[in-house]
Amino acid sequence: MKLMNESRNVFGGLDVWKQSEWILALLSFISGCFAISVVPFIRKDFGERYLGWLNLFFGYTIVANFMFFGSLFAGLAGAFLHVGVGGMPLMELFWLAFIALSIYHRRVIARRNKAGEKWHSMYLGTSILPLPFSRETVYKFAEPGLVILAGWLLSGISSLPGWWLMIAGSALFINNHIIYHNQRQAILDIRDAEIEARNISKAFAGRPANETGGLVVAESNVDLIRQDAGLQEAFGHLSPELKAVLDSKGAKTAPESVR
């Protein structure tokens, strides 16, 4: 574990998304506020934190604001552009159904907690759509695609609900992909850390990538550590096996007079 942590300090943080995690976090938050308004209609068995009251509050607020600005836009479009934008009664019904279903799912969560059943709090929920695809395909593509399609079909009859479903379906697509991206990143971090911990000595010794699981340290970087007193002091806290490798590299490349 110690060597694993050391190697993560040396090789970690190279992923561009790790340098800009706030972008993914912001995108996940915004898309989640929209996506949360449709998942109660198409899934069940949610995790407590995924369908938490705070997430639902943002969802309620987003839908309410959409209805308000939608009605305002409908009035302006009718007055100045002579374009009809309808569907407010259906949109209000959709909003009330969203609230009712979310409360139902929260009661299911409460009963599960009361029964002492352990359940992952960030579980996305089980899709109730009878689709012949893997779960990942359903979450990433099938669900968002069907919601967008339903919105597109509905927009010809009732504008506001149709637009909302298309927006929410797009947000669901983005949010689900971010969730799966973060899962894979976490797994890859664990695998990389294991590779680094197991092969870091070989990498500093200059062994080829096929012997180190793809972990490579440039010769110039090893020389830099050997020649820089400050870096030597920092690496002095590393494990004995890595220190031995660096010392041996220094002995091999040191001038004859120093030897």
# chains A, B, ... in the order shown; residues from 1 in each chain; ligands from 1
$ residues_around --residues "Val38 of chain A" --least-positions-apart "4" --cutoff "9 Å" --atoms "only C-alpha atoms" --output "number ranges by chain"
A: 34, 42-43, 98, 147, 165, 168-169, 172
$ select_by_dssp --residues "segment 35-186 of chain A" --states "strand (DSSP E)" --output "tab-separated table (two decimals) with all heavy atoms, in the first residue's frame"
chain	number	residue	atom	x	y	z
A	43	ARG	N	-37.84	4.11	-14.28
A	43	ARG	CA	-37.00	3.24	-13.46
A	43	ARG	C	-37.65	2.98	-12.11
A	43	ARG	O	-38.60	3.66	-11.71
A	43	ARG	CB	-35.61	3.86	-13.23
A	43	ARG	CG	-34.79	4.06	-14.49
A	43	ARG	CD	-33.44	4.68	-14.14
A	43	ARG	NE	-32.73	5.17	-15.30
A	43	ARG	CZ	-31.68	5.97	-15.24
A	43	ARG	NH1	-31.20	6.34	-14.06
A	43	ARG	NH2	-31.08	6.38	-16.35
A	44	LYS	N	-37.07	2.02	-11.39
A	44	LYS	CA	-37.51	1.69	-10.03
A	44	LYS	C	-36.29	1.30	-9.20
A	44	LYS	O	-35.17	1.20	-9.71
A	44	LYS	CB	-38.52	0.55	-10.06
A	44	LYS	CG	-37.93	-0.76	-10.59
A	44	LYS	CD	-38.95	-1.88	-10.56
A	44	LYS	CE	-38.33	-3.19	-11.07
A	44	LYS	NZ	-39.28	-4.32	-10.99
A	126	THR	N	-33.42	0.58	-11.62
A	126	THR	CA	-33.59	-0.47	-12.61
A	126	THR	C	-34.60	-0.03	-13.65
A	126	THR	O	-35.72	0.36	-13.31
A	126	THR	CB	-34.08	-1.77	-11.93
A	126	THR	OG1	-33.14	-2.16	-10.93
A	126	THR	CG2	-34.22	-2.89	-12.95
A	127	SER	N	-34.21	-0.08	-14.91
A	127	SER	CA	-35.12	0.34	-15.97
A	127	SER	C	-36.32	-0.60	-16.05
A	127	SER	O	-36.18	-1.82	-15.98
A	127	SER	CB	-34.38	0.36	-17.31
A	127	SER	OG	-35.26	0.73	-18.36
$ select_by_dssp --residues "segment 32-68 of chain A" --states "alpha helix (DSSP H)" --output "PyMOL selection string"
chain A and resi 32-35+39-42+53-68
$ atom_distance --atom1 "atom CA of Arg49 of chain A" --atom2 "atom CA of Gly116 of chain A"
16.3 Å
$ closest_residue --among "A:Phe58, A:Phe94, A:Phe68, A:Tyr104" --to "Phe46 of chain A" --atoms "only C-alpha atoms"
A:Tyr104
$ residues_around --residues "Thr61 of chain A" --least-positions-apart "4" --cutoff "12 Å" --atoms "only C-alpha atoms" --output "mmCIF file with all heavy atoms, in the first residue's frame"
data_model
loop_
_atom_site.group_PDB
_atom_site.id
_atom_site.type_symbol
_atom_site.label_atom_id
_atom_site.label_comp_id
_atom_site.auth_asym_id
_atom_site.auth_seq_id
_atom_site.Cartn_x
_atom_site.Cartn_y
_atom_site.Cartn_z
ATOM 1 N N CYS A 33 -30.088 17.780 -12.926
ATOM 2 C CA CYS A 33 -31.304 18.518 -12.545
ATOM 3 C C CYS A 33 -32.429 18.283 -13.538
ATOM 4 O O CYS A 33 -33.606 18.253 -13.164
ATOM 5 C CB CYS A 33 -30.993 20.012 -12.446
ATOM 6 S SG CYS A 33 -29.958 20.468 -11.038
ATOM 7 N N PHE A 34 -32.073 18.137 -14.813
ATOM 8 C CA PHE A 34 -33.081 17.871 -15.837
ATOM 9 C C PHE A 34 -33.432 16.382 -15.893
ATOM 10 O O PHE A 34 -34.601 16.015 -16.019
ATOM 11 C CB PHE A 34 -32.586 18.341 -17.212
ATOM 12 C CG PHE A 34 -32.557 19.827 -17.381
ATOM 13 C CD1 PHE A 34 -31.444 20.557 -17.009
ATOM 14 C CD2 PHE A 34 -33.646 20.495 -17.908
ATOM 15 C CE1 PHE A 34 -31.405 21.934 -17.162
ATOM 16 C CE2 PHE A 34 -33.620 21.877 -18.067
ATOM 17 C CZ PHE A 34 -32.507 22.602 -17.692
ATOM 18 N N ILE A 36 -33.362 14.109 -13.629
ATOM 19 C CA ILE A 36 -34.075 13.573 -12.470
ATOM 20 C C ILE A 36 -35.583 13.659 -12.641
ATOM 21 O O ILE A 36 -36.337 12.929 -11.989
ATOM 22 C CB ILE A 36 -33.642 14.323 -11.179
ATOM 23 C CG1 ILE A 36 -33.983 13.513 -9.929
ATOM 24 C CG2 ILE A 36 -34.278 15.699 -11.111
ATOM 25 C CD1 ILE A 36 -33.125 12.306 -9.748
ATOM 26 N N SER A 37 -36.024 14.537 -13.567
ATOM 27 C CA SER A 37 -37.470 14.723 -13.748
ATOM 28 C C SER A 37 -38.102 13.628 -14.599
ATOM 29 O O SER A 37 -39.338 13.532 -14.651
ATOM 30 C CB SER A 37 -37.747 16.083 -14.393
ATOM 31 O OG SER A 37 -37.208 16.133 -15.702
ATOM 32 N N LEU A 54 -32.722 16.487 -2.055
ATOM 33 C CA LEU A 54 -32.077 17.671 -2.626
ATOM 34 C C LEU A 54 -32.085 17.605 -4.151
ATOM 35 O O LEU A 54 -32.395 18.603 -4.821
ATOM 36 C CB LEU A 54 -30.642 17.793 -2.108
ATOM 37 C CG LEU A 54 -29.876 19.059 -2.543
ATOM 38 C CD1 LEU A 54 -30.588 20.305 -2.064
ATOM 39 C CD2 LEU A 54 -28.443 19.024 -2.008
ATOM 40 N N ASN A 55 -31.771 16.431 -4.703
ATOM 41 C CA ASN A 55 -31.828 16.266 -6.157
ATOM 42 C C ASN A 55 -33.244 16.494 -6.675
ATOM 43 O O ASN A 55 -33.450 17.137 -7.711
ATOM 44 C CB ASN A 55 -31.350 14.870 -6.558
ATOM 45 C CG ASN A 55 -29.877 14.668 -6.297
ATOM 46 O OD1 ASN A 55 -29.138 15.628 -6.109
ATOM 47 N ND2 ASN A 55 -29.444 13.418 -6.285
ATOM 48 N N LEU A 56 -34.214 15.949 -5.949
ATOM 49 C CA LEU A 56 -35.605 16.114 -6.367
ATOM 50 C C LEU A 56 -36.036 17.581 -6.286
ATOM 51 O O LEU A 56 -36.782 18.069 -7.142
ATOM 52 C CB LEU A 56 -36.516 15.247 -5.501
ATOM 53 C CG LEU A 56 -36.421 13.737 -5.755
ATOM 54 C CD1 LEU A 56 -37.204 12.965 -4.705
ATOM 55 C CD2 LEU A 56 -36.922 13.393 -7.157
ATOM 56 N N PHE A 57 -35.566 18.282 -5.254
ATOM 57 C CA PHE A 57 -35.901 19.702 -5.131
ATOM 58 C C PHE A 57 -35.426 20.478 -6.358
ATOM 59 O O PHE A 57 -36.162 21.304 -6.905
ATOM 60 C CB PHE A 57 -35.267 20.282 -3.861
ATOM 61 C CG PHE A 57 -35.350 21.781 -3.789
ATOM 62 C CD1 PHE A 57 -36.529 22.417 -3.451
ATOM 63 C CD2 PHE A 57 -34.229 22.560 -4.071
ATOM 64 C CE1 PHE A 57 -36.605 23.803 -3.393
ATOM 65 C CE2 PHE A 57 -34.294 23.942 -4.014
ATOM 66 C CZ PHE A 57 -35.483 24.568 -3.675
ATOM 67 N N ASN A 65 -39.789 26.245 -13.211
ATOM 68 C CA ASN A 65 -39.265 27.382 -13.966
ATOM 69 C C ASN A 65 -39.482 27.203 -15.463
ATOM 70 O O ASN A 65 -39.738 28.179 -16.184
ATOM 71 C CB ASN A 65 -37.774 27.570 -13.682
ATOM 72 C CG ASN A 65 -37.513 28.152 -12.310
ATOM 73 O OD1 ASN A 65 -38.316 28.931 -11.795
ATOM 74 N ND2 ASN A 65 -36.405 27.789 -11.694
ATOM 75 N N PHE A 66 -39.366 25.969 -15.935
ATOM 76 C CA PHE A 66 -39.613 25.718 -17.350
ATOM 77 C C PHE A 66 -41.060 26.044 -17.704
ATOM 78 O O PHE A 66 -41.334 26.627 -18.767
ATOM 79 C CB PHE A 66 -39.302 24.263 -17.683
ATOM 80 C CG PHE A 66 -39.448 23.925 -19.136
ATOM 81 C CD1 PHE A 66 -38.411 24.146 -20.020
ATOM 82 C CD2 PHE A 66 -40.636 23.381 -19.625
ATOM 83 C CE1 PHE A 66 -38.537 23.844 -21.361
ATOM 84 C CE2 PHE A 66 -40.770 23.074 -20.970
ATOM 85 C CZ PHE A 66 -39.725 23.307 -21.844
ATOM 86 N N MET A 67 -41.974 25.673 -16.817
ATOM 87 C CA MET A 67 -43.378 25.990 -17.076
ATOM 88 C C MET A 67 -43.603 27.504 -17.071
ATOM 89 O O MET A 67 -44.319 28.042 -17.919
ATOM 90 C CB MET A 67 -44.270 25.316 -16.028
ATOM 91 C CG MET A 67 -44.372 23.820 -16.183
ATOM 92 S SD MET A 67 -45.718 23.114 -15.183
ATOM 93 C CE MET A 67 -45.210 23.593 -13.543
ATOM 94 N N PHE A 68 -42.989 28.211 -16.108
ATOM 95 C CA PHE A 68 -43.169 29.653 -16.011
ATOM 96 C C PHE A 68 -42.632 30.366 -17.254
ATOM 97 O O PHE A 68 -43.344 31.154 -17.894
ATOM 98 C CB PHE A 68 -42.471 30.189 -14.762
ATOM 99 C CG PHE A 68 -42.431 31.685 -14.684
ATOM 100 C CD1 PHE A 68 -43.574 32.401 -14.339
ATOM 101 C CD2 PHE A 68 -41.261 32.388 -14.970
ATOM 102 C CE1 PHE A 68 -43.540 33.798 -14.278
ATOM 103 C CE2 PHE A 68 -41.225 33.761 -14.911
ATOM 104 C CZ PHE A 68 -42.374 34.476 -14.563
ATOM 105 N N TRP A 95 -45.756 17.636 -14.439
ATOM 106 C CA TRP A 95 -45.055 18.078 -13.232
ATOM 107 C C TRP A 95 -45.632 17.409 -11.990
ATOM 108 O O TRP A 95 -44.907 16.917 -11.119
ATOM 109 C CB TRP A 95 -45.119 19.596 -13.124
ATOM 110 C CG TRP A 95 -44.341 20.180 -11.982
ATOM 111 C CD1 TRP A 95 -43.053 19.927 -11.650
ATOM 112 C CD2 TRP A 95 -44.823 21.119 -11.018
ATOM 113 N NE1 TRP A 95 -42.676 20.658 -10.545
ATOM 114 C CE2 TRP A 95 -43.760 21.401 -10.136
ATOM 115 C CE3 TRP A 95 -46.048 21.766 -10.817
ATOM 116 C CZ2 TRP A 95 -43.882 22.285 -9.078
ATOM 117 C CZ3 TRP A 95 -46.160 22.657 -9.763
ATOM 118 C CH2 TRP A 95 -45.088 22.908 -8.899
ATOM 119 N N PHE A 98 -44.709 13.794 -11.887
ATOM 120 C CA PHE A 98 -43.311 13.675 -11.463
ATOM 121 C C PHE A 98 -43.201 13.750 -9.947
ATOM 122 O O PHE A 98 -42.524 12.942 -9.314
ATOM 123 C CB PHE A 98 -42.493 14.780 -12.147
ATOM 124 C CG PHE A 98 -41.145 15.037 -11.546
ATOM 125 C CD1 PHE A 98 -40.294 13.996 -11.182
ATOM 126 C CD2 PHE A 98 -40.700 16.339 -11.350
ATOM 127 C CE1 PHE A 98 -39.042 14.246 -10.636
ATOM 128 C CE2 PHE A 98 -39.458 16.597 -10.812
ATOM 129 C CZ PHE A 98 -38.632 15.552 -10.447
ATOM 130 N N ILE A 99 -43.893 14.703 -9.342
ATOM 131 C CA ILE A 99 -43.861 14.842 -7.880
ATOM 132 C C ILE A 99 -44.449 13.603 -7.211
ATOM 133 O O ILE A 99 -43.885 13.057 -6.256
ATOM 134 C CB ILE A 99 -44.618 16.110 -7.448
ATOM 135 C CG1 ILE A 99 -43.893 17.365 -7.963
ATOM 136 C CG2 ILE A 99 -44.754 16.165 -5.933
ATOM 137 C CD1 ILE A 99 -44.633 18.656 -7.687
#
$ residues_around --residues "Leu93 of chain A" --least-positions-apart "4" --cutoff "12 Å" --atoms "only C-alpha atoms" --output "list of chain:residue names"
A:Val63, A:Ala64, A:Met67, A:Gly87, A:Met88, A:Pro89, A:Ala97, A:Phe98, A:Ile99, A:Ala100, A:Leu160, A:Pro161
$ write_last_selection --atoms "N, CA, C and O atoms" --output "PDB file, in the first residue's frame"
ATOM      1  N   VAL A  63     -38.409  22.139 -13.402  1.00  0.00           N
ATOM      2  CA  VAL A  63     -39.657  21.948 -14.152  1.00  0.00           C
ATOM      3  C   VAL A  63     -40.594  23.129 -13.942  1.00  0.00           C
ATOM      4  O   VAL A  63     -41.237  23.612 -14.888  1.00  0.00           O
ATOM      5  N   ALA A  64     -40.686  23.618 -12.699  1.00  0.00           N
ATOM      6  CA  ALA A  64     -41.549  24.769 -12.423  1.00  0.00           C
ATOM      7  C   ALA A  64     -41.084  25.999 -13.195  1.00  0.00           C
ATOM      8  O   ALA A  64     -41.906  26.735 -13.775  1.00  0.00           O
ATOM      9  N   MET A  67     -41.974  25.673 -16.817  1.00  0.00           N
ATOM     10  CA  MET A  67     -43.378  25.990 -17.076  1.00  0.00           C
ATOM     11  C   MET A  67     -43.603  27.504 -17.071  1.00  0.00           C
ATOM     12  O   MET A  67     -44.319  28.042 -17.919  1.00  0.00           O
ATOM     13  N   GLY A  87     -49.746  23.393 -24.667  1.00  0.00           N
ATOM     14  CA  GLY A  87     -49.401  22.251 -23.840  1.00  0.00           C
ATOM     15  C   GLY A  87     -49.204  22.560 -22.381  1.00  0.00           C
ATOM     16  O   GLY A  87     -48.725  21.687 -21.646  1.00  0.00           O
ATOM     17  N   MET A  88     -49.582  23.767 -21.930  1.00  0.00           N
ATOM     18  CA  MET A  88     -49.387  24.092 -20.521  1.00  0.00           C
ATOM     19  C   MET A  88     -50.172  23.161 -19.598  1.00  0.00           C
ATOM     20  O   MET A  88     -49.612  22.691 -18.597  1.00  0.00           O
ATOM     21  N   PRO A  89     -51.448  22.845 -19.865  1.00  0.00           N
ATOM     22  CA  PRO A  89     -52.158  21.916 -18.976  1.00  0.00           C
ATOM     23  C   PRO A  89     -51.475  20.546 -18.891  1.00  0.00           C
ATOM     24  O   PRO A  89     -51.354  19.973 -17.804  1.00  0.00           O
ATOM     25  N   ALA A  97     -47.352  14.616 -11.876  1.00  0.00           N
ATOM     26  CA  ALA A  97     -47.050  13.183 -11.935  1.00  0.00           C
ATOM     27  C   ALA A  97     -45.613  12.916 -11.501  1.00  0.00           C
ATOM     28  O   ALA A  97     -45.342  11.918 -10.811  1.00  0.00           O
ATOM     29  N   PHE A  98     -44.709  13.794 -11.887  1.00  0.00           N
ATOM     30  CA  PHE A  98     -43.311  13.675 -11.463  1.00  0.00           C
ATOM     31  C   PHE A  98     -43.201  13.750  -9.947  1.00  0.00           C
ATOM     32  O   PHE A  98     -42.524  12.942  -9.314  1.00  0.00           O
ATOM     33  N   ILE A  99     -43.893  14.703  -9.342  1.00  0.00           N
ATOM     34  CA  ILE A  99     -43.861  14.842  -7.880  1.00  0.00           C
ATOM     35  C   ILE A  99     -44.449  13.603  -7.211  1.00  0.00           C
ATOM     36  O   ILE A  99     -43.885  13.057  -6.256  1.00  0.00           O
ATOM     37  N   ALA A 100     -45.594  13.138  -7.726  1.00  0.00           N
ATOM     38  CA  ALA A 100     -46.251  11.978  -7.129  1.00  0.00           C
ATOM     39  C   ALA A 100     -45.380  10.723  -7.227  1.00  0.00           C
ATOM     40  O   ALA A 100     -45.221   9.969  -6.251  1.00  0.00           O
ATOM     41  N   LEU A 160     -44.868  22.405 -25.268  1.00  0.00           N
ATOM     42  CA  LEU A 160     -44.060  22.494 -24.056  1.00  0.00           C
ATOM     43  C   LEU A 160     -43.641  21.130 -23.505  1.00  0.00           C
ATOM     44  O   LEU A 160     -42.456  20.910 -23.232  1.00  0.00           O
ATOM     45  N   PRO A 161     -44.573  20.184 -23.311  1.00  0.00           N
ATOM     46  CA  PRO A 161     -44.138  18.872 -22.824  1.00  0.00           C
ATOM     47  C   PRO A 161     -43.170  18.183 -23.785  1.00  0.00           C
ATOM     48  O   PRO A 161     -42.242  17.494 -23.341  1.00  0.00           O
TER      49      PRO A 161
END
$ atom_distance --atom1 "atom CA of Ala197 of chain A" --atom2 "atom CA of Tyr180 of chain A"
25.8 Å
$ closest_residue --among "A:His177, A:Asp189, A:Val222, A:Leu90" --to "Ser155 of chain A" --atoms "only C-alpha atoms"
A:Leu90
$ residues_around --residues "segment 24-32 of chain A" --least-positions-apart "3" --cutoff "7 Å" --atoms "only C-alpha atoms" --output "list in words"
Glu21, Ala35, Ile36, Ala171, Leu172, Ile174, Asn175 and Ile178 of chain A
$ closest_residue --among "A:Phe173, A:Lys114, A:Ser159, A:Ile195" --to "Glu143 of chain A" --atoms "only C-alpha atoms"
A:Phe173
$ residues_around --residues "Gly125 of chain A" --least-positions-apart "3" --cutoff "12 Å" --atoms "only C-alpha atoms" --output "ChimeraX atom specification"
/A:36,39-51,105,109,119-122,128-129,135,138-139,176
$ write_last_selection --atoms "C-alpha atoms" --output "compact mmCIF listing (two decimals), in the first residue's frame"
# COMPACT_ATOMS: atom_id res chain seq x y z
CA ILE A 36 -34.08 13.57 -12.47
CA VAL A 39 -36.18 8.83 -14.34
CA PRO A 40 -39.09 8.24 -11.89
CA PHE A 41 -41.24 7.41 -14.93
CA ILE A 42 -38.88 4.81 -16.41
CA ARG A 43 -37.00 3.24 -13.46
CA LYS A 44 -37.51 1.69 -10.03
CA ASP A 45 -35.45 0.61 -6.99
CA PHE A 46 -33.39 3.80 -6.75
CA GLY A 47 -30.53 4.42 -4.36
CA GLU A 48 -31.26 6.79 -1.50
CA ARG A 49 -28.78 9.48 -2.51
CA TYR A 50 -29.36 9.22 -6.25
CA LEU A 51 -33.05 10.01 -5.74
CA HIS A 105 -40.14 6.00 -4.92
CA ILE A 109 -36.61 3.70 -0.19
CA TRP A 119 -28.74 -0.97 -0.97
CA HIS A 120 -26.15 1.16 -2.73
CA SER A 121 -27.16 4.77 -2.17
CA MET A 122 -26.09 5.94 -5.65
CA ILE A 128 -38.71 -0.83 -16.35
CA LEU A 129 -38.53 -0.60 -20.14
CA ARG A 135 -28.10 -2.52 -18.88
CA VAL A 138 -30.15 0.83 -22.00
CA TYR A 139 -28.84 3.55 -19.68
CA ASN A 176 -25.58 8.68 -17.70
